[in-house]
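Novice: mmCIF, C-alpha atoms, file final07.cif:
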```cif
data_query
#
loop_
_atom_site.label_atom_id
_atom_site.label_comp_id
_atom_site.auth_asym_id
_atom_site.auth_seq_id
_atom_site.Cartn_x
_atom_site.Cartn_y
_atom_site.Cartn_z
CA MET A 269 -104.62 -23.92 -9.18
CA ALA A 270 -105.15 -26.15 -6.19
CA LEU A 271 -107.67 -25.31 -3.49
CA TYR A 272 -107.59 -26.55 0.11
CA CYS A 273 -110.96 -25.90 1.72
CA THR A 274 -113.71 -27.22 3.98
CA ALA A 275 -116.13 -29.92 2.85
CA SER A 276 -118.94 -27.36 2.67
CA HIS A 277 -116.93 -25.12 0.35
CA ARG A 278 -116.18 -28.02 -1.95
CA ALA A 279 -119.85 -29.00 -1.94
CA ALA A 280 -120.80 -25.44 -2.92
CA LEU A 281 -118.39 -25.53 -5.87
CA GLU A 282 -119.73 -28.89 -7.02
CA LYS A 283 -123.34 -27.78 -6.60
CA HIS A 284 -122.76 -24.86 -8.96
CA ASN A 285 -120.55 -26.88 -11.36
CA LEU A 286 -117.50 -24.72 -10.61
CA ALA A 287 -115.08 -27.39 -9.38
CA HIS A 288 -113.52 -27.49 -12.86
CA LEU A 289 -111.87 -24.12 -12.13
CA PHE A 290 -109.28 -25.94 -10.00
CA ALA A 291 -106.74 -28.59 -10.97
CA ARG A 292 -107.11 -30.11 -7.53
CA ILE A 293 -109.49 -29.62 -4.61
CA ALA A 294 -108.52 -31.18 -1.28
CA LEU A 295 -109.98 -31.14 2.20
CA LEU A 296 -108.36 -28.75 4.65
CA PRO A 297 -108.23 -30.48 8.07
CA SER A 298 -109.83 -28.59 10.95
CA GLU A 299 -106.49 -28.11 12.71
CA ASN A 300 -105.20 -26.25 9.66
CA GLN A 301 -108.20 -23.98 9.16
CA SER A 302 -106.47 -20.86 10.44
CA ILE A 303 -103.65 -18.61 9.31
CA VAL A 304 -100.95 -20.19 11.48
CA GLY A 305 -102.59 -23.60 11.18
CA PHE A 306 -101.96 -23.49 7.44
CA LYS A 307 -98.86 -21.35 6.99
CA HIS A 308 -96.91 -23.07 9.73
CA HIS A 309 -97.58 -26.38 7.96
CA LEU A 310 -97.00 -25.49 4.31
CA HIS A 311 -94.98 -28.64 3.76
CA GLN A 312 -98.22 -30.60 4.10
CA PHE A 313 -99.84 -28.67 1.25
CA MET A 314 -97.42 -28.75 -1.67
CA PRO A 315 -99.42 -30.41 -4.47
CA PHE A 316 -97.00 -29.43 -7.24
CA GLU A 317 -93.27 -29.65 -7.83
CA ARG A 318 -93.20 -25.87 -7.41
CA THR A 319 -95.91 -24.14 -5.43
CA LEU A 320 -96.88 -20.50 -5.02
CA PHE A 321 -99.17 -20.05 -2.03
CA VAL A 322 -101.45 -17.06 -2.51
CA ASP A 323 -103.93 -15.53 -0.07
CA ALA A 324 -107.57 -15.67 -1.10
CA ASP A 325 -108.03 -11.90 -0.61
CA MET A 326 -105.96 -11.03 -3.68
CA VAL A 327 -106.90 -9.94 -7.17
CA TRP A 328 -104.53 -10.69 -10.04
CA CYS A 329 -103.83 -7.61 -12.14
CA ARG A 330 -101.26 -9.06 -14.58
CA SER A 331 -100.26 -12.42 -15.94
CA PRO A 332 -98.07 -14.14 -13.30
CA ASP A 333 -95.82 -15.84 -15.89
CA ARG A 334 -92.95 -13.35 -15.46
CA LEU A 335 -93.22 -13.55 -11.67
CA TRP A 336 -93.20 -17.37 -11.83
CA LYS A 337 -89.89 -17.29 -13.70
CA GLN A 338 -88.33 -14.85 -11.25
CA LEU A 339 -89.29 -17.01 -8.28
CA SER A 340 -87.84 -20.19 -9.80
CA VAL A 341 -84.34 -19.54 -8.37
CA TYR A 342 -85.53 -19.75 -4.75
CA PRO A 343 -85.93 -22.99 -2.75
CA PHE A 344 -88.21 -21.09 -0.35
CA THR A 345 -89.16 -17.45 -0.11
CA ALA A 346 -91.97 -15.09 0.82
CA THR A 347 -92.70 -11.58 -0.31
CA GLY A 348 -91.36 -8.95 2.04
CA LEU A 349 -88.69 -6.37 2.80
CA GLU A 350 -85.10 -6.87 3.88
CA ARG A 351 -85.76 -4.95 7.11
CA ALA A 352 -89.09 -4.77 8.91
CA ASP A 353 -90.78 -1.38 9.20
CA PRO A 354 -91.96 -0.07 12.62
CA TYR A 355 -95.54 -1.22 11.92
CA PHE A 356 -94.48 -4.86 11.63
CA GLY A 357 -95.90 -6.65 14.62
CA GLY A 358 -96.69 -3.29 16.22
CA PRO A 359 -99.65 -0.90 16.41
CA LYS A 360 -101.06 0.38 13.12
CA SER A 361 -101.66 3.89 14.46
CA LEU A 362 -99.60 6.79 15.78
CA GLY A 363 -98.81 4.53 18.75
CA VAL A 364 -96.11 3.05 16.53
CA ILE A 365 -93.96 6.11 17.36
CA TRP A 366 -93.75 5.04 21.01
CA GLU A 367 -92.84 1.49 19.98
CA PHE A 368 -90.13 2.87 17.70
CA LEU A 369 -88.61 4.95 20.48
CA ARG A 370 -88.61 2.02 22.93
CA ASP A 371 -86.91 -0.27 20.38
CA ARG A 372 -88.15 -3.41 22.10
CA ARG A 373 -87.61 -5.47 18.99
CA GLN A 374 -83.84 -5.31 19.44
CA LYS A 375 -84.26 -7.16 22.74
CA THR A 376 -86.32 -9.80 20.94
CA LEU A 377 -83.60 -10.33 18.35
CA LYS A 378 -80.82 -10.57 20.93
CA ARG A 379 -82.82 -13.01 23.04
CA HIS A 380 -83.15 -15.35 20.08
CA GLN A 381 -79.66 -14.77 18.67
CA LEU A 382 -80.82 -13.08 15.48
CA THR A 383 -79.10 -10.11 13.87
CA TYR A 384 -81.92 -8.80 11.71
CA LEU A 385 -85.67 -9.00 11.23
CA PRO A 386 -87.05 -9.00 7.68
CA ARG A 387 -90.57 -7.83 6.95
CA VAL A 388 -92.41 -10.93 5.69
CA GLN A 389 -95.68 -10.30 3.89
CA ALA A 390 -97.00 -13.84 3.68
CA GLY A 391 -99.63 -13.12 1.06
CA MET A 392 -97.30 -14.88 -1.38
CA ILE A 393 -95.03 -17.74 -0.36
CA TYR A 394 -93.06 -19.78 -2.88
CA ALA A 395 -91.63 -23.24 -2.18
CA ARG A 396 -89.94 -26.00 -4.19
CA ASP A 397 -87.85 -27.67 -1.46
CA ALA A 398 -90.18 -29.69 0.77
CA VAL A 399 -87.51 -30.51 3.38
CA LEU A 400 -86.47 -26.88 3.76
CA THR A 401 -90.11 -25.81 3.88
CA ARG A 402 -90.77 -28.21 6.75
CA THR A 403 -87.73 -26.85 8.62
CA VAL A 404 -88.82 -23.23 8.19
CA CYS A 405 -92.37 -23.99 9.31
CA ALA A 406 -91.17 -25.86 12.39
CA SER A 407 -88.98 -22.92 13.39
CA ALA A 408 -91.84 -20.45 12.85
CA ALA A 409 -94.16 -22.53 15.03
CA GLY A 410 -91.48 -22.64 17.72
CA PHE A 411 -91.10 -18.86 17.72
CA LEU A 412 -94.87 -18.36 17.94
CA ALA A 413 -94.97 -20.62 20.99
CA GLN A 414 -92.56 -18.20 22.71
CA SER A 415 -94.52 -15.05 21.83
CA GLU A 416 -94.87 -13.96 25.47
CA ASP A 417 -91.13 -13.25 25.53
CA MET A 418 -91.28 -11.00 22.44
CA HIS A 419 -92.37 -7.48 21.60
CA PHE A 420 -94.92 -8.39 18.94
CA ARG A 421 -98.58 -7.47 19.48
CA THR A 422 -101.26 -10.06 18.90
CA ARG A 423 -103.57 -9.42 15.98
CA PHE A 424 -106.55 -9.97 18.24
CA LEU A 425 -105.98 -6.40 19.47
CA GLU A 426 -106.76 -5.17 15.93
CA GLY A 427 -110.19 -6.76 15.95
CA ARG A 428 -109.06 -9.78 13.94
CA THR A 429 -110.16 -13.31 14.73
CA GLU A 430 -106.88 -15.04 13.85
CA GLU A 431 -103.25 -14.68 14.82
CA SER A 432 -100.60 -13.57 12.34
CA CYS A 433 -97.97 -15.91 10.94
CA GLU A 434 -95.82 -13.14 9.49
CA TRP A 435 -93.42 -12.23 12.29
CA SER A 436 -92.80 -15.87 13.22
CA LEU A 437 -92.02 -16.72 9.57
CA ALA A 438 -89.77 -13.65 9.41
CA MET A 439 -87.78 -14.85 12.40
CA ALA A 440 -87.56 -18.35 10.91
CA MET A 441 -86.28 -17.00 7.58
CA SER A 442 -83.73 -14.88 9.45
CA LYS A 443 -82.61 -17.91 11.45
CA HIS A 444 -82.10 -20.05 8.33
CA GLY A 445 -80.55 -17.33 6.17
CA LEU A 446 -83.34 -17.19 3.60
CA PRO A 447 -83.88 -13.96 1.65
CA VAL A 448 -87.32 -12.50 1.16
CA TYR A 449 -88.56 -11.76 -2.33
CA PRO A 450 -88.74 -7.96 -2.68
CA TRP A 451 -92.28 -6.82 -1.98
CA ARG A 452 -91.49 -3.34 -3.34
CA LEU A 453 -90.03 -3.80 -6.79
CA SER A 454 -91.09 -0.72 -8.70
CA TYR A 455 -92.86 -1.72 -11.92
CA ASP A 456 -92.33 -5.41 -11.12
CA SER A 457 -93.83 -5.43 -7.61
CA PRO A 458 -95.32 -8.89 -6.98
CA GLN A 459 -98.08 -7.45 -4.78
CA LEU A 460 -99.12 -4.10 -3.37
CA ASP A 461 -101.63 -3.31 -0.65
CA TYR A 462 -104.97 -1.91 -1.62
CA ILE A 463 -105.19 1.60 -0.15
CA SER A 464 -108.17 3.49 -1.54
CA SER A 465 -106.36 6.83 -1.68
CA LEU A 466 -103.40 5.29 -3.54
CA THR A 467 -105.28 2.97 -5.93
CA SER A 468 -107.40 3.70 -8.98
CA HIS A 469 -109.29 0.85 -10.63
CA THR A 470 -112.35 -0.16 -12.58
CA ASP A 471 -115.22 -1.80 -10.68
CA ASP A 472 -114.02 -5.34 -11.43
CA PHE A 473 -110.28 -4.53 -11.20
CA GLU A 474 -109.66 -5.17 -14.88
CA ASP A 475 -107.51 -2.02 -14.90
CA VAL A 476 -105.52 -1.18 -11.77
CA VAL A 477 -102.98 1.57 -11.16
CA CYS A 478 -101.24 2.16 -7.82
CA LYS A 479 -99.42 5.26 -6.65
CA TYR A 480 -96.06 3.98 -5.47
CA TYR A 481 -93.77 6.26 -3.46
CA CYS A 482 -90.15 5.44 -4.26
CA ASP A 483 -88.97 6.19 -0.72
CA GLN A 484 -89.65 3.41 1.78
CA PHE A 485 -90.23 5.77 4.72
CA ILE A 486 -92.79 7.81 2.79
CA TYR A 487 -94.58 4.70 1.49
CA ASP A 488 -94.85 3.29 5.02
CA ILE A 489 -97.18 6.15 5.93
CA ARG A 490 -99.91 4.26 4.08
CA GLY A 491 -100.25 2.21 7.28
CA LEU A 492 -102.01 5.07 9.08
CA GLN A 493 -105.69 4.15 9.16
CA ASN A 494 -107.25 7.62 9.40
CA PRO A 495 -107.33 9.01 5.82
CA LYS A 496 -107.05 12.66 6.91
CA VAL A 497 -104.10 11.97 9.19
CA ARG A 498 -102.51 9.83 6.47
CA ALA A 499 -102.91 12.56 3.83
CA PHE A 500 -101.48 15.20 6.20
CA CYS A 501 -98.47 13.02 7.03
CA PHE A 502 -97.85 12.35 3.34
CA ARG A 503 -97.83 16.09 2.60
CA LEU A 504 -95.67 16.89 5.61
CA ALA A 505 -93.11 14.15 4.99
CA THR A 506 -92.75 14.71 1.26
CA THR A 507 -92.34 18.46 1.78
CA LEU A 508 -89.94 18.44 4.73
CA LEU A 509 -87.84 15.51 3.57
CA ARG A 510 -87.91 16.46 -0.11
CA ARG A 511 -88.83 12.89 -1.00
CA GLN A 512 -91.70 13.45 -3.40
CA ASP A 513 -90.73 10.90 -6.07
CA TYR A 514 -93.47 8.44 -6.98
CA LEU A 515 -94.53 6.36 -9.94
CA HIS A 516 -97.70 4.69 -11.15
CA THR A 517 -97.55 0.93 -11.52
CA THR A 518 -99.73 -2.14 -11.92
CA PRO A 519 -98.55 -4.89 -9.55
CA PHE A 520 -98.94 -8.56 -10.37
CA ALA A 521 -101.54 -8.76 -7.61
CA LEU A 522 -103.49 -6.38 -5.42
CA HIS A 523 -103.70 -7.52 -1.80
CA PHE A 524 -106.58 -6.49 0.45
CA SER A 525 -104.66 -7.13 3.65
CA TRP A 526 -105.87 -4.12 5.62
CA LEU A 527 -109.02 -4.87 7.61
CA HIS A 528 -110.47 -1.37 7.04
CA GLU A 529 -109.91 -1.60 3.27
CA LYS A 530 -111.58 -4.95 2.53
CA SER A 531 -115.02 -3.67 1.47
CA PRO A 532 -114.21 -3.29 -2.26
CA PHE A 533 -112.82 -6.83 -2.35
CA ASN A 534 -115.81 -8.32 -0.54
CA ALA A 535 -118.19 -6.63 -2.98
CA PHE A 536 -116.12 -7.84 -5.94
CA ALA A 537 -116.04 -11.40 -4.59
CA ASP A 538 -119.82 -11.41 -4.14
CA ARG A 539 -120.38 -10.15 -7.69
CA THR A 540 -117.94 -12.68 -9.13
CA TRP A 541 -119.55 -15.62 -7.31
CA THR A 542 -123.03 -14.53 -8.42
CA ARG A 543 -121.88 -14.18 -12.02
CA LEU A 544 -120.06 -17.52 -12.18
CA ALA A 545 -122.88 -19.40 -10.45
CA GLY A 546 -125.40 -17.78 -12.81
CA GLU A 547 -123.38 -18.64 -15.92
CA SER A 548 -123.04 -22.24 -14.75
CA ALA A 549 -126.78 -22.53 -14.10
CA SER A 550 -127.63 -21.29 -17.59
CA THR A 551 -125.44 -23.86 -19.38
#
```
Any chance you could put this one into structure tokens?
Specialist:
Amino acid sequence: MALYCTASHRAALEKHNLAHLFARIALLPSENQSIVGFKHHLHQFMPFERTLFVDADMVWCRSPDRLWKQLSVYPFTATGLERADPYFGGPKSLGVIWEFLRDRRQKTLKRHQLTYLPRVQAGMIYARDAVLTRTVCASAAGFLAQSEDMHFRTRFLEGRTEESCEWSLAMAMSKHGLPVYPWRLSYDSPQLDYISSLTSHTDDFEDVVCKYYCDQFIYDIRGLQNPKVRAFCFRLATTLLRRQDYLHTTPFALHFSWLHEKSPFNAFADRTWTRLAGESAST
């Protein structure tokens, strides 16, 4: 693993004798210390011949060796879906119904001469072609600069402190004809979101099992934040649409991407840091 971080983070690792956990630690310039600052400049942070960029709010649940082999055929890809769901770049509540009915995204696509919008989940991005990666990032940055002419909502409205890179990368991948790597892949899913009502796990995530609805429309209901509303919609949709099929799977990684579901990860991260720092101090 390589880690790009601030000088203070590197100092903390060195202070606790934990720098050895990484093959390389490099300074992350201030202009890149944000989501778009980093993911719109991936070509500047490719320390290996093949690089898999992974968000820090993930927990590995399985060995990534099989995933690494599957990704090897792509020059550049990111986890996602072939077609974006209504939540992508829109409200994460029942307000998404109004956005769906207005269909403003079609105007966005026509304005920028695109025929489809994939759903990019940038928690995992794979790259082995530095030139292509630079081209994709430049296009994504260009789309973000034109955000006022698009239908996407800023993440600041969700209470977040940083802007999203996902829809701009999705438009860039559409522009350059690059396929996403299937986010939903049954028993081989590279990553799944942590949703408390759909995930069972031990305290330290050594054993993880996710409830995975086989129908995309049904699974998208997980985006509803209110657990009671979400449970009601699951029951209603599976009953009326007769789409009750689901399976239990362990993804390669569990992603804590939802702001209201991060507490278990934060607690796990604190425990892990305390344990590793304590073990280092005792040796």
Novice: CA of His277 (chain A) and CA of Leu295 (chain A), how far apart in Å?
Specialist: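 Computed distance, CA of Leu295 (chain A) to CA of His277 (chain A), equals 9.4 Å.
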Novice: Write out as a ChimeraX atom specification each polymer residue whose atoms come within 9 Å of region 324-331 of chain A, counting only C-alpha atoms; drop sequence neighbours fewer than 3 positions from it.
Specialist: /A:334-335,391,459,473-476,518-525,530,533-534,537
Novice: Evaluate the PyMOL selection byres ((chain A and resi 490) around 10) here and jot the selected residues down as a VMD selection string.
Specialist: chain A and resid 360 461 to 463 465 to 466 481 485 to 489 491 to 495 498 to 499 501 to 502
Novice: I'd like the residues picked by the PyMOL selection byres ((chain A and resi 394) around 7) written out as a PyMOL selection string, using the chain letters and numbers from the file.
Specialist: chain A and resi 319-321+344-346+392-393+395
Novice: Need to verify the contact set: Cys478 (chain A), 6 Å, all atoms listed in the file, exclusion of same-chain residues closer than 6 positions in sequence. Can you return it as an mmCIF file with C-alpha atoms, in the frame of the given file?
Specialist:
```
data_model
loop_
_atom_site.group_PDB
_atom_site.id
_atom_site.type_symbol
_atom_site.label_atom_id
_atom_site.label_comp_id
_atom_site.auth_asym_id
_atom_site.auth_seq_id
_atom_site.Cartn_x
_atom_site.Cartn_y
_atom_site.Cartn_z
ATOM 1 C CA LEU A 466 -103.400 5.290 -3.540
ATOM 2 C CA THR A 467 -105.280 2.970 -5.930
ATOM 3 C CA HIS A 516 -97.700 4.690 -11.150
ATOM 4 C CA THR A 517 -97.550 0.930 -11.520
#
```
Novice: Every residue with an atom at most 12 Å from (-85.2, -30.1, -2.2) (file coordinates; all atoms listed in the file) is what I'm after, so could you write them as a list in words?
Specialist: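 The distance filter leaves exactly His311, Glu317, Arg318, Tyr342, Pro343, Phe344, Ala395, Arg396, Asp397, Ala398, Val399, Leu400, Thr401, Arg402 and Thr403 of chain A.
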Novice: Since I can't run it myself right now, could you work out what the PyMOL selection byres ((chain A and resi 313) around 10) selects here and report it as a ChimeraX atom specification?
Specialist: /A:270-272,294,296,306-307,309-312,314-316,319,321,398
Novice: Using only C-alpha atoms, can you tell me which of A:Gln338, A:Thr376, A:Phe356, A:Lys283 comes closest to Asp417 (chain A)?
Specialist: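 With only C-alpha atoms as the atom set, the closest residue is A:Thr376.
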Novice: Between A:Asp333, A:Glu416, A:Glu350, A:Glu547, which has the minimum distance to Leu385 (chain A) (counting all atoms listed in the file)?
Specialist: A:Glu350
Novice: Restricting the calculation to all atoms listed in the file, which member of A:Phe536, A:Met269, A:His308, A:Thr347 is positioned closest to Ser457 (chain A)?
Specialist: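 Nearest to Ser457 (chain A): A:Thr347.
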Novice: For a test of reading the model, state the distance in Å between CA of Arg373 (chain A) and CA of Pro447 (chain A), rounded to one decimal.
Specialist: 19.7 Å
Novice: Taking all atoms listed in the file into account, name the residue in A:Tyr480, A:Phe500, A:Phe411, A:Trp526 that is nearest to Cys433 (chain A).
Specialist: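 Once distances to Cys433 (chain A) are computed over all atoms listed in the file, the minimum belongs to A:Phe411.
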Novice: Report, in Å with one decimal, the straight-line distance from CA of Trp541 (chain A) to CA of Leu286 (chain A).
Specialist: 9.9 Å
Novice: Just checking: using all atoms listed in the file, which residue out of A:Ser550, A:Lys337, A:Ser436, A:Ala413 ends up closest to Pro386 (chain A)?
Specialist: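 Answer, going by the shortest atom-to-atom distance: A:Ser436.
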Novice: Which one is closest to Glu282 (chain A): A:Val322, A:Ala545, A:Tyr449, A:Ser298? Count all atoms listed in the file.
Specialist: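 Once distances to Glu282 (chain A) are computed over all atoms listed in the file, the minimum belongs to A:Ala545.
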Novice: Might I get the box with edges along x, y and z of the file that holds all atoms of region 512-519 of chain A listed there, padded by 6 Å on every side, given as centre and edge lengths in Å to one decimal, as JSON?
Specialist:
```
{"center_x": -95.2, "center_y": 4.3, "center_z": -7.7, "size_x": 21.0, "size_y": 30.3, "size_z": 20.5}
```
